[in-house]
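Reading through the structure tokens given below for one structure.
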Amino acid sequence: MTIRVVLADDQALLRSAFRILVDSEPDMEVVGEASDGAEAVRLVRERGADVVLMDIRMPGTDGLAATREISADPALDGVRVVMLTTFEVDEYVVRSLRAGASGFLGKGAEPDEMLSAIRVVASGEALLSPAATKGLIAKFLSQPDSSDGAAGRGRDVERLGGLTGREREVLVLVAGGLSNDEIADRLEVSPLTVKTHVNRAMAKLGARDRAQLVVIAYETGLVRPRVD
């Protein structure tokens, strides 16, 4: 199956480079280019995109607003967004995850990393690597966000009560950035069993993907950010 990609960045030169890279792969094709968030959302709806490479900062409608619009539309439930940022140490990272992005990637990433990112999120996984970003996510998720009210966080805490002990354990490991295979090794179970626990936790918590599971794990206090 061909992964249909929309490129959203206000720099035409970057879009051109990304297009050449993506179109060089036999399992991917660029189906649209946008210079702002509003155009990106329109193209996603018109072209049936699977993945959006979305720049965070764009004139007019920015990447965060566009991502929120995509993630809030039930008709676009299968669309995954990878946020592109100039610097990996970026205060917008956590806002991207809260907006519904499946992950983020530095614009300085190697070509293979970008192609891998597209495949990872298209398969339904979350892109929370490289490893250095795990601590970054924890750092920003530990800070209050005015867009998330106490009532909303309280509802998340209540929803954790519906998880089994094993589902909580798996959720903690997901929040630590471990893959299904790594979690399976840690718990001495099969990857399929881990996937089942992850899917059940997502259903119970109303999370669309693993990235949102990570957000919930930190915001509810199930996982505490490291301070080292």
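Ligands are numbered from 1 in the order shown, residues from 1 within each chain, and chains are lettered A, B, ... in the order they appear in the structure tokens.
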Using only C-alpha atoms, tabulate the residues of segment 42-83 of chain A lying at most 12 Å from any atom of segment 103-127 of chain A, each with its closest atom pair and that distance in Å to one decimal, by chain and increasing residue number, as JSON lines.
{"residue": "A:Ala49", "atom": "CA", "partner": "A:Ala122", "partner_atom": "CA", "distance": 10.2}
{"residue": "A:Asp50", "atom": "CA", "partner": "A:Ala122", "partner_atom": "CA", "distance": 6.5}
{"residue": "A:Val51", "atom": "CA", "partner": "A:Ala122", "partner_atom": "CA", "distance": 6.3}
{"residue": "A:Val52", "atom": "CA", "partner": "A:Ile118", "partner_atom": "CA", "distance": 8.5}
{"residue": "A:Leu53", "atom": "CA", "partner": "A:Ile118", "partner_atom": "CA", "distance": 8.2}
{"residue": "A:Met54", "atom": "CA", "partner": "A:Phe104", "partner_atom": "CA", "distance": 9.0}
{"residue": "A:Asp55", "atom": "CA", "partner": "A:Lys107", "partner_atom": "CA", "distance": 9.0}
{"residue": "A:Ile56", "atom": "CA", "partner": "A:Phe104", "partner_atom": "CA", "distance": 9.6}
{"residue": "A:Gly63", "atom": "CA", "partner": "A:Phe104", "partner_atom": "CA", "distance": 11.6}
{"residue": "A:Leu64", "atom": "CA", "partner": "A:Phe104", "partner_atom": "CA", "distance": 11.8}
{"residue": "A:Thr67", "atom": "CA", "partner": "A:Gly103", "partner_atom": "CA", "distance": 11.4}
{"residue": "A:Asp77", "atom": "CA", "partner": "A:Gly124", "partner_atom": "CA", "distance": 11.1}
{"residue": "A:Gly78", "atom": "CA", "partner": "A:Gly124", "partner_atom": "CA", "distance": 8.6}
{"residue": "A:Val79", "atom": "CA", "partner": "A:Ala122", "partner_atom": "CA", "distance": 8.0}
{"residue": "A:Arg80", "atom": "CA", "partner": "A:Val121", "partner_atom": "CA", "distance": 6.2}
{"residue": "A:Val81", "atom": "CA", "partner": "A:Gly103", "partner_atom": "CA", "distance": 7.1}
{"residue": "A:Val82", "atom": "CA", "partner": "A:Phe104", "partner_atom": "CA", "distance": 5.1}
{"residue": "A:Met83", "atom": "CA", "partner": "A:Phe104", "partner_atom": "CA", "distance": 4.4}
Written file, previous selection with N, CA and C atoms, as a PDB file, in the first residue's frame:
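Writing done, so here's result22.pdb:
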ATOM      1  N   ALA A  49      -4.957  11.990   2.381  1.00  0.00           N
ATOM      2  CA  ALA A  49      -3.605  11.759   2.886  1.00  0.00           C
ATOM      3  C   ALA A  49      -3.597  10.789   4.057  1.00  0.00           C
ATOM      4  N   ASP A  50      -2.484  10.090   4.205  1.00  0.00           N
ATOM      5  CA  ASP A  50      -2.269   9.207   5.349  1.00  0.00           C
ATOM      6  C   ASP A  50      -1.389   9.882   6.399  1.00  0.00           C
ATOM      7  N   VAL A  51      -0.403  10.645   5.933  1.00  0.00           N
ATOM      8  CA  VAL A  51       0.568  11.280   6.829  1.00  0.00           C
ATOM      9  C   VAL A  51       0.792  12.719   6.386  1.00  0.00           C
ATOM     10  N   VAL A  52       0.917  13.614   7.365  1.00  0.00           N
ATOM     11  CA  VAL A  52       1.255  15.009   7.089  1.00  0.00           C
ATOM     12  C   VAL A  52       2.572  15.328   7.774  1.00  0.00           C
ATOM     13  N   LEU A  53       3.540  15.828   7.012  1.00  0.00           N
ATOM     14  CA  LEU A  53       4.745  16.405   7.600  1.00  0.00           C
ATOM     15  C   LEU A  53       4.437  17.879   7.793  1.00  0.00           C
ATOM     16  N   MET A  54       4.242  18.284   9.046  1.00  0.00           N
ATOM     17  CA  MET A  54       3.679  19.600   9.363  1.00  0.00           C
ATOM     18  C   MET A  54       4.683  20.486  10.097  1.00  0.00           C
ATOM     19  N   ASP A  55       5.043  21.594   9.472  1.00  0.00           N
ATOM     20  CA  ASP A  55       5.894  22.571  10.143  1.00  0.00           C
ATOM     21  C   ASP A  55       5.090  23.224  11.268  1.00  0.00           C
ATOM     22  N   ILE A  56       5.720  23.452  12.398  1.00  0.00           N
ATOM     23  CA  ILE A  56       5.006  24.058  13.522  1.00  0.00           C
ATOM     24  C   ILE A  56       4.725  25.528  13.251  1.00  0.00           C
ATOM     25  N   GLY A  63       0.977  25.213  12.351  1.00  0.00           N
ATOM     26  CA  GLY A  63       0.887  23.763  12.374  1.00  0.00           C
ATOM     27  C   GLY A  63       0.098  23.215  13.535  1.00  0.00           C
ATOM     28  N   LEU A  64       0.163  23.875  14.678  1.00  0.00           N
ATOM     29  CA  LEU A  64      -0.578  23.405  15.853  1.00  0.00           C
ATOM     30  C   LEU A  64      -2.081  23.490  15.622  1.00  0.00           C
ATOM     31  N   THR A  67      -3.158  20.896  13.122  1.00  0.00           N
ATOM     32  CA  THR A  67      -3.152  19.551  13.705  1.00  0.00           C
ATOM     33  C   THR A  67      -4.371  19.331  14.580  1.00  0.00           C
ATOM     34  N   ASP A  77      -9.803  10.485  10.982  1.00  0.00           N
ATOM     35  CA  ASP A  77      -9.282   9.714  12.108  1.00  0.00           C
ATOM     36  C   ASP A  77      -8.015   8.932  11.761  1.00  0.00           C
ATOM     37  N   GLY A  78      -7.884   8.527  10.511  1.00  0.00           N
ATOM     38  CA  GLY A  78      -6.717   7.737  10.127  1.00  0.00           C
ATOM     39  C   GLY A  78      -5.508   8.549   9.725  1.00  0.00           C
ATOM     40  N   VAL A  79      -5.631   9.866   9.729  1.00  0.00           N
ATOM     41  CA  VAL A  79      -4.513  10.732   9.318  1.00  0.00           C
ATOM     42  C   VAL A  79      -3.547  10.922  10.489  1.00  0.00           C
ATOM     43  N   ARG A  80      -2.274  10.773  10.217  1.00  0.00           N
ATOM     44  CA  ARG A  80      -1.262  10.953  11.246  1.00  0.00           C
ATOM     45  C   ARG A  80      -0.381  12.151  10.909  1.00  0.00           C
ATOM     46  N   VAL A  81      -0.029  12.921  11.939  1.00  0.00           N
ATOM     47  CA  VAL A  81       0.757  14.134  11.744  1.00  0.00           C
ATOM     48  C   VAL A  81       2.119  14.004  12.423  1.00  0.00           C
ATOM     49  N   VAL A  82       3.163  14.285  11.671  1.00  0.00           N
ATOM     50  CA  VAL A  82       4.514  14.397  12.227  1.00  0.00           C
ATOM     51  C   VAL A  82       4.873  15.872  12.191  1.00  0.00           C
ATOM     52  N   MET A  83       5.088  16.467  13.363  1.00  0.00           N
ATOM     53  CA  MET A  83       5.440  17.876  13.437  1.00  0.00           C
ATOM     54  C   MET A  83       6.925  18.056  13.164  1.00  0.00           C
TER      55      MET A  83
END
For the helix (DSSP H, G or I) assignment from backbone DSSP, which residues of segment 69-124 of chain A qualify? Please present them as a ChimeraX atom specification. /A:69-72,74-76,92-99,111-122
Would you save the residues of that selection, restricted to N, CA and C atoms, as an mmCIF file, in the first residue's frame?
data_model
loop_
_atom_site.group_PDB
_atom_site.id
_atom_site.type_symbol
_atom_site.label_atom_id
_atom_site.label_comp_id
_atom_site.auth_asym_id
_atom_site.auth_seq_id
_atom_site.Cartn_x
_atom_site.Cartn_y
_atom_site.Cartn_z
ATOM 1 N N GLU A 69 -7.246 20.718 14.211
ATOM 2 C CA GLU A 69 -8.397 20.575 13.322
ATOM 3 C C GLU A 69 -8.453 19.177 12.713
ATOM 4 N N ILE A 70 -7.312 18.661 12.330
ATOM 5 C CA ILE A 70 -7.269 17.317 11.752
ATOM 6 C C ILE A 70 -7.651 16.265 12.784
ATOM 7 N N SER A 71 -7.078 16.361 13.977
ATOM 8 C CA SER A 71 -7.328 15.344 14.996
ATOM 9 C C SER A 71 -8.753 15.407 15.540
ATOM 10 N N ALA A 72 -9.411 16.572 15.413
ATOM 11 C CA ALA A 72 -10.776 16.713 15.925
ATOM 12 C C ALA A 72 -11.835 16.261 14.919
ATOM 13 N N PRO A 74 -13.628 13.514 12.906
ATOM 14 C CA PRO A 74 -13.769 12.050 12.843
ATOM 15 C C PRO A 74 -13.502 11.486 11.453
ATOM 16 N N ALA A 75 -13.786 12.274 10.423
ATOM 17 C CA ALA A 75 -13.568 11.810 9.051
ATOM 18 C C ALA A 75 -12.080 11.663 8.731
ATOM 19 N N LEU A 76 -11.211 12.278 9.547
ATOM 20 C CA LEU A 76 -9.769 12.232 9.320
ATOM 21 C C LEU A 76 -9.064 11.402 10.385
ATOM 22 N N TYR A 92 7.306 23.852 21.835
ATOM 23 C CA TYR A 92 6.103 23.461 21.119
ATOM 24 C C TYR A 92 5.933 21.944 21.020
ATOM 25 N N VAL A 93 6.933 21.197 21.444
ATOM 26 C CA VAL A 93 6.856 19.740 21.312
ATOM 27 C C VAL A 93 5.653 19.182 22.049
ATOM 28 N N VAL A 94 5.521 19.536 23.326
ATOM 29 C CA VAL A 94 4.405 18.983 24.094
ATOM 30 C C VAL A 94 3.072 19.490 23.567
ATOM 31 N N ARG A 95 3.040 20.731 23.108
ATOM 32 C CA ARG A 95 1.798 21.263 22.542
ATOM 33 C C ARG A 95 1.423 20.507 21.273
ATOM 34 N N SER A 96 2.429 20.048 20.549
ATOM 35 C CA SER A 96 2.166 19.249 19.353
ATOM 36 C C SER A 96 1.484 17.939 19.720
ATOM 37 N N LEU A 97 1.999 17.289 20.750
ATOM 38 C CA LEU A 97 1.415 16.019 21.175
ATOM 39 C C LEU A 97 0.003 16.215 21.697
ATOM 40 N N ARG A 98 -0.198 17.281 22.457
ATOM 41 C CA ARG A 98 -1.534 17.556 22.972
ATOM 42 C C ARG A 98 -2.506 17.895 21.842
ATOM 43 N N ALA A 99 -1.987 18.491 20.782
ATOM 44 C CA ALA A 99 -2.849 18.855 19.657
ATOM 45 C C ALA A 99 -3.272 17.644 18.851
ATOM 46 N N PRO A 111 17.871 11.803 6.118
ATOM 47 C CA PRO A 111 16.810 11.337 5.220
ATOM 48 C C PRO A 111 16.185 10.018 5.651
ATOM 49 N N ASP A 112 17.011 9.063 6.075
ATOM 50 C CA ASP A 112 16.476 7.767 6.502
ATOM 51 C C ASP A 112 15.579 7.904 7.717
ATOM 52 N N GLU A 113 15.918 8.854 8.618
ATOM 53 C CA GLU A 113 15.092 9.081 9.800
ATOM 54 C C GLU A 113 13.713 9.605 9.405
ATOM 55 N N MET A 114 13.681 10.521 8.441
ATOM 56 C CA MET A 114 12.406 11.085 8.014
ATOM 57 C C MET A 114 11.532 10.028 7.344
ATOM 58 N N LEU A 115 12.127 9.229 6.487
ATOM 59 C CA LEU A 115 11.372 8.176 5.814
ATOM 60 C C LEU A 115 10.865 7.154 6.829
ATOM 61 N N SER A 116 11.701 6.825 7.804
ATOM 62 C CA SER A 116 11.291 5.904 8.850
ATOM 63 C C SER A 116 10.143 6.485 9.669
ATOM 64 N N ALA A 117 10.221 7.788 9.932
ATOM 65 C CA ALA A 117 9.167 8.456 10.699
ATOM 66 C C ALA A 117 7.819 8.333 9.997
ATOM 67 N N ILE A 118 7.832 8.531 8.685
ATOM 68 C CA ILE A 118 6.585 8.429 7.920
ATOM 69 C C ILE A 118 6.013 7.025 8.023
ATOM 70 N N ARG A 119 6.863 6.029 7.890
ATOM 71 C CA ARG A 119 6.394 4.644 7.964
ATOM 72 C C ARG A 119 5.911 4.285 9.365
ATOM 73 N N VAL A 120 6.610 4.781 10.375
ATOM 74 C CA VAL A 120 6.234 4.474 11.759
ATOM 75 C C VAL A 120 4.837 4.997 12.076
ATOM 76 N N VAL A 121 4.588 6.270 11.789
ATOM 77 C CA VAL A 121 3.284 6.833 12.150
ATOM 78 C C VAL A 121 2.180 6.301 11.245
ATOM 79 N N ALA A 122 2.512 5.982 9.984
ATOM 80 C CA ALA A 122 1.511 5.421 9.078
ATOM 81 C C ALA A 122 1.038 4.065 9.570
#
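Taking only C-alpha atoms into account, Gln212 of chain A lies nearest to A:Ser102 out of the set A:Thr85, A:Ser102, A:Ser179, A:Thr196.
Among the candidates A:Arg4, A:Arg210, A:Arg15, A:Arg47, the one nearest to Met28 of chain A when counting only C-alpha atoms is A:Arg4.
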Within segment 6-121 of chain A, find each residue whose DSSP state, derived from the backbone, is strand (DSSP E or B), and express the selection as a ChimeraX atom specification. /A:6-8,28-34,51-55,80-85,103-106
As a PyMOL selection string, please: the residues near Asp9 of chain A (cut-off 8 Å, only C-alpha atoms, same-chain neighbours under 3 positions excluded). chain A and resi 12+14-15+33-36+54-55+58
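Put simply, atom CA of Arg159 of chain A is 9.1 Å away from atom CA of Gly206 of chain A.
Residues with any atom within 9 Å of Val30 of chain A, counting only C-alpha atoms and excluding same-chain neighbours fewer than 5 positions away, are Ile3, Arg4, Val5, Val6, Leu7, Phe18, Arg19, Ile20, Val22, Asp23 and Ala49 of chain A.
Taking only C-alpha atoms, the non-local environment of segment 198-200 of chain A within 7 Å (same-chain residues fewer than 4 positions away omitted) comprises Val170, Val194 and Lys204 of chain A.
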Point-to-point distance in Å for atom CA of Thr86 of chain A and atom CA of Val215 of chain A: 22.0 Å
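A straight line drawn from atom CA of Arg166 of chain A to atom CA of Lys195 of chain A is 12.1 Å long.
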